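*Asks:* The structure that follows is given in the form of structure tokens.
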Amino acid sequence: MEEIAYIPSPSRGVIHLGPIPLRGYAFCIIIGVFVAVWLGNKRWIARGGRAGTVADIAVWAVPFGLVGGRLYHVITDYELYFSAGRDWVDAFKVWQGGLGIWGAIALGAVGAWIGCRRRGIPLPAYADAIAPGIAFAQAIGRWGNWFNQELYGRETHVPWALHITSSEGGRIPGYYHPTFLYESLWCVGVGFLVIWADRRFKLGHGRAFALYVAAYCVGRGWIEYMRVDDAHHILGLRLNDWTALIVFLLAVLYIVLSAKKRPGREPVVEPGVIDGEAEADGDGDGDAEAAGTHADVADADADADVEDDAADEVKDEAGSGTKKS
């Protein structure tokens, strides 16, 4: 192959700052989380929520999501950790790669539900707010696979081929389809699709999140088909292809049924915000009424004093008249 152009792989995925390892994979995950929370916060405020709520709930959702993503990977690729000659301790080495988005979303939703329940917030409304942010976070997180030289496709001669240089873990150096890049770009498109559709159709009650899920599954389906890493197959299709198909159908079904049952958006996403404003307005009105009442009483007292003074003057004049006659 004539090397006209290609995407180079990093010579290493970790830099040591003294005894502290700085891993590219971890940095991509962390940056993605910050982007998701930042954008989710802006969308939540625009929907009528309070600033900081998204971050508070993310404290629950993110750890659950990381655990769920790792569990899905370990369970579906158990032979990498529990077969003969493997060290089961490697199952805990998240920095080496291996987070399944299906498990991350499923268990992350459990964490978000706990956080929402503690704040009295409807989970579907929260999910709608963070949906595009999750897509962008995935787009950033996929670059962690580039640092680890993993998740690439079949060999290719296209100018944007990924140059794999590592031979560890059964890798064969060469030029392959950069499926990590394809999925990253697809996730960016999904994020903008959700933002556009949400503005255009005023999606609510979890439908923006369901759109994100459905759109992601479409892209994951064809990208997964291109990958060459080891995976379990069912009826000739990779396990993740079947997962994407099933989840896609469920997401579309949810959109259809939800639109019929609960059209439009939630009028209130964070009750405390509106109630608080109402209470503040009520207190202000009460203070004004009280002030008006005190003013009326003061005016009445002043009028009474004037009348008393006038009566005294009349009495004095009457008394003077009597003395003169």
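As shown in the structure tokens, the chain order sets the letters A, B, ...; within each chain, residues go from 1, and ligands are also counted from 1 in the order they appear.
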Excluding Cys28 (chain A) and its own-chain neighbours fewer than 3 positions away, which residues fall within 12 Å of it when counting only C-alpha atoms? Please give them as a tab-separated table (two decimals) with C-alpha atoms, in the first residue's frame.

*Replies:*
```
chain	number	residue	atom	x	y	z
A	13	GLY	CA	-1.80	5.95	25.62
A	22	LEU	CA	-2.23	10.12	33.03
A	23	ARG	CA	-4.22	7.95	30.64
A	24	GLY	CA	-5.75	9.24	27.43
A	25	TYR	CA	-8.70	6.87	27.75
A	31	ILE	CA	-14.08	15.36	29.36
A	32	GLY	CA	-17.17	13.68	27.94
A	33	VAL	CA	-18.87	13.69	31.33
A	34	PHE	CA	-18.16	17.40	31.82
A	35	VAL	CA	-19.57	18.22	28.37
A	95	TRP	CA	-8.40	2.19	32.15
A	97	GLY	CA	-10.67	-0.06	27.87
A	136	PHE	CA	-21.53	14.29	22.55
A	137	ALA	CA	-19.91	12.58	25.54
A	138	GLN	CA	-19.86	9.32	23.58
A	139	ALA	CA	-18.28	11.12	20.64
A	140	ILE	CA	-15.48	12.34	22.88
A	141	GLY	CA	-15.16	9.06	24.75
A	142	ARG	CA	-14.58	7.10	21.52
A	143	TRP	CA	-11.25	8.86	21.13
A	144	GLY	CA	-10.16	6.95	24.20
A	145	ASN	CA	-10.25	3.86	21.96
A	146	TRP	CA	-7.83	5.64	19.63
A	147	PHE	CA	-5.38	6.07	22.51
A	148	ASN	CA	-5.69	2.35	23.28
A	184	SER	CA	-17.62	9.50	17.09
```

*Asks:* Give me, as a list in words, the residues of region 225-276 of chain A that a backbone DSSP run labels strand (DSSP E or B).

*Replies:* Arg227, His233, Ile234, Leu237 and Arg238 of chain A

*Asks:* To test your reading of the structure, identify every residue in region 169-292 of chain A that backbone DSSP assigns to helix (DSSP H, G or I), and report it as number ranges by chain.

*Replies:* A: 169-170, 179-201, 207-226, 239-261, 271-292

*Asks:* If we count only C-alpha atoms and set the cut-off at 8 Å, which residues sit around Lys202 (chain A), ignoring sequence neighbours fewer than 3 positions away in its own chain? Please answer as a list of chain:residue names.

*Replies:* A:Ala197, A:Asp198, A:Arg199, A:Gly264, A:Arg265

*Asks:* May I have the residues from that selection written out with C-alpha atoms, as a tab-separated table (two decimals), in the first residue's frame?

*Replies:*
```tsv
chain	number	residue	atom	x	y	z
A	197	ALA	CA	-35.97	17.74	16.82
A	198	ASP	CA	-36.52	18.92	20.39
A	199	ARG	CA	-36.79	22.53	19.25
A	264	GLY	CA	-46.44	17.86	24.44
A	265	ARG	CA	-43.97	18.66	27.18
```

*Asks:* Set the distance at 6 Å and use only C-alpha atoms: which residues neighbour Gly153 (chain A) once local chain neighbours fewer than 3 positions away are removed? I'd like the list as a list of chain:residue names.

*Replies:*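 Near neighbours after the sequence-gap exclusion: A:Tyr176, A:His177, A:Thr179, A:Met226, A:Arg227, A:Val228.
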
*Asks:* With only C-alpha atoms as the counted atoms, please give the residues lying no more than 10 Å from Arg119 (chain A), apart from itself and same-chain residues fewer than 6 positions off, as a list of chain:residue names.

*Replies:*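 After dropping sequence-adjacent residues, the list is A:Thr53, A:Asp56, A:Ile57, A:Trp113, A:Glu270, A:Pro271, A:Gly272.
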
*Asks:* Just the residues within 8 Å of region 230-239 of chain A, please, counting only C-alpha atoms, with nothing from its chain fewer than 4 positions along; format it as a PyMOL selection string.

*Replies:* chain A and resi 76-77+224-225+243

*Asks:* Could you tell me how far CA of Leu250 (chain A) lies from CA of Cys217 (chain A), in Å and to one decimal?

*Replies:* 10.8 Å

*Asks:* What's the 12 Å shell around Phe201 (chain A), counting only C-alpha atoms, without same-chain residues fewer than 4 positions away, as a PyMOL selection string?

*Replies:* chain A and resi 193-197+207-208+211+259+263-265

*Asks:* Okay, now the selection with all heavy atoms, as a JSON list (two decimals), in the first residue's frame?

*Replies:*
```
[["chain", "number", "residue", "atom", "x", "y", "z"],
["A", 193, "LEU", "N", -29.08, 16.16, 15.98],
["A", 193, "LEU", "CA", -30.43, 15.74, 15.57],
["A", 193, "LEU", "C", -31.40, 15.90, 16.72],
["A", 193, "LEU", "O", -32.52, 16.41, 16.53],
["A", 193, "LEU", "CB", -30.39, 14.29, 15.10],
["A", 193, "LEU", "CG", -31.75, 13.63, 14.85],
["A", 193, "LEU", "CD1", -32.47, 14.30, 13.70],
["A", 193, "LEU", "CD2", -31.61, 12.13, 14.60],
["A", 194, "VAL", "N", -31.01, 15.47, 17.91],
["A", 194, "VAL", "CA", -31.89, 15.56, 19.07],
["A", 194, "VAL", "C", -32.18, 17.02, 19.42],
["A", 194, "VAL", "O", -33.32, 17.39, 19.72],
["A", 194, "VAL", "CB", -31.28, 14.83, 20.27],
["A", 194, "VAL", "CG1", -32.13, 15.05, 21.53],
["A", 194, "VAL", "CG2", -31.16, 13.33, 19.99],
["A", 195, "ILE", "N", -31.16, 17.87, 19.36],
["A", 195, "ILE", "CA", -31.36, 19.29, 19.65],
["A", 195, "ILE", "C", -32.34, 19.91, 18.67],
["A", 195, "ILE", "O", -33.27, 20.64, 19.05],
["A", 195, "ILE", "CB", -30.01, 20.03, 19.61],
["A", 195, "ILE", "CG1", -29.13, 19.59, 20.79],
["A", 195, "ILE", "CG2", -30.23, 21.55, 19.66],
["A", 195, "ILE", "CD1", -27.74, 20.17, 20.75],
["A", 196, "TRP", "N", -32.16, 19.60, 17.37],
["A", 196, "TRP", "CA", -33.06, 20.14, 16.34],
["A", 196, "TRP", "C", -34.48, 19.64, 16.53],
["A", 196, "TRP", "O", -35.44, 20.41, 16.51],
["A", 196, "TRP", "CB", -32.55, 19.76, 14.95],
["A", 196, "TRP", "CG", -33.53, 20.09, 13.87],
["A", 196, "TRP", "CD1", -33.74, 21.30, 13.28],
["A", 196, "TRP", "CD2", -34.49, 19.19, 13.29],
["A", 196, "TRP", "NE1", -34.76, 21.22, 12.36],
["A", 196, "TRP", "CE2", -35.24, 19.94, 12.35],
["A", 196, "TRP", "CE3", -34.77, 17.83, 13.47],
["A", 196, "TRP", "CZ2", -36.24, 19.35, 11.59],
["A", 196, "TRP", "CZ3", -35.78, 17.26, 12.72],
["A", 196, "TRP", "CH2", -36.51, 18.00, 11.79],
["A", 197, "ALA", "N", -34.64, 18.33, 16.69],
["A", 197, "ALA", "CA", -35.97, 17.74, 16.82],
["A", 197, "ALA", "C", -36.67, 18.24, 18.07],
["A", 197, "ALA", "O", -37.89, 18.46, 18.08],
["A", 197, "ALA", "CB", -35.87, 16.22, 16.84],
["A", 207, "ARG", "N", -39.20, 11.54, 25.25],
["A", 207, "ARG", "CA", -39.12, 11.25, 23.80],
["A", 207, "ARG", "C", -37.83, 11.75, 23.17],
["A", 207, "ARG", "O", -37.33, 11.15, 22.21],
["A", 207, "ARG", "CB", -40.34, 11.83, 23.07],
["A", 207, "ARG", "CG", -41.62, 11.06, 23.38],
["A", 207, "ARG", "CD", -42.78, 11.54, 22.53],
["A", 207, "ARG", "NE", -43.25, 12.85, 22.92],
["A", 207, "ARG", "CZ", -44.11, 13.07, 23.91],
["A", 207, "ARG", "NH1", -44.58, 12.06, 24.62],
["A", 207, "ARG", "NH2", -44.52, 14.28, 24.20],
["A", 208, "ALA", "N", -37.25, 12.82, 23.69],
["A", 208, "ALA", "CA", -35.96, 13.29, 23.18],
["A", 208, "ALA", "C", -34.88, 12.25, 23.48],
["A", 208, "ALA", "O", -34.01, 11.96, 22.64],
["A", 208, "ALA", "CB", -35.59, 14.64, 23.78],
["A", 211, "LEU", "N", -35.35, 9.30, 21.19],
["A", 211, "LEU", "CA", -34.84, 9.60, 19.85],
["A", 211, "LEU", "C", -33.33, 9.42, 19.80],
["A", 211, "LEU", "O", -32.79, 8.87, 18.83],
["A", 211, "LEU", "CB", -35.22, 11.02, 19.45],
["A", 211, "LEU", "CG", -34.65, 11.52, 18.11],
["A", 211, "LEU", "CD1", -35.14, 10.65, 16.96],
["A", 211, "LEU", "CD2", -35.00, 12.99, 17.89],
["A", 259, "ALA", "N", -46.18, 9.53, 22.71],
["A", 259, "ALA", "CA", -46.77, 10.68, 22.02],
["A", 259, "ALA", "C", -48.29, 10.63, 22.07],
["A", 259, "ALA", "O", -48.96, 11.67, 22.12],
["A", 259, "ALA", "CB", -46.29, 10.72, 20.58],
["A", 263, "PRO", "N", -48.97, 13.74, 25.04],
["A", 263, "PRO", "CA", -48.44, 14.67, 24.03],
["A", 263, "PRO", "C", -47.87, 15.93, 24.67],
["A", 263, "PRO", "O", -48.21, 16.29, 25.80],
["A", 263, "PRO", "CB", -49.67, 14.99, 23.17],
["A", 263, "PRO", "CG", -50.83, 14.77, 24.10],
["A", 263, "PRO", "CD", -50.43, 13.63, 24.99],
["A", 264, "GLY", "N", -47.01, 16.61, 23.94],
["A", 264, "GLY", "CA", -46.44, 17.86, 24.44],
["A", 264, "GLY", "C", -45.34, 17.63, 25.44],
["A", 264, "GLY", "O", -44.78, 16.54, 25.57],
["A", 265, "ARG", "N", -45.03, 18.69, 26.17],
["A", 265, "ARG", "CA", -43.97, 18.66, 27.18],
["A", 265, "ARG", "C", -44.55, 18.76, 28.59],
["A", 265, "ARG", "O", -45.70, 19.17, 28.77],
["A", 265, "ARG", "CB", -43.00, 19.83, 26.97],
["A", 265, "ARG", "CG", -41.98, 19.64, 25.89],
["A", 265, "ARG", "CD", -41.09, 20.86, 25.83],
["A", 265, "ARG", "NE", -39.98, 20.68, 24.91],
["A", 265, "ARG", "CZ", -39.11, 21.64, 24.61],
["A", 265, "ARG", "NH1", -39.24, 22.84, 25.16],
["A", 265, "ARG", "NH2", -38.13, 21.40, 23.77]]
```

*Asks:* Work out how far apart CA of Gly206 (chain A) and CA of Ala36 (chain A) are and give it in Å to one decimal.

*Replies:*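 So the two atoms, CA of Gly206 (chain A) and CA of Ala36 (chain A), lie 16.8 Å apart.
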
*Asks:* Counting only C-alpha atoms, which residue out of A:Tyr216, A:Tyr78, A:Phe248, A:Phe209 sits closest to Leu185 (chain A)?

*Replies:* A:Tyr216
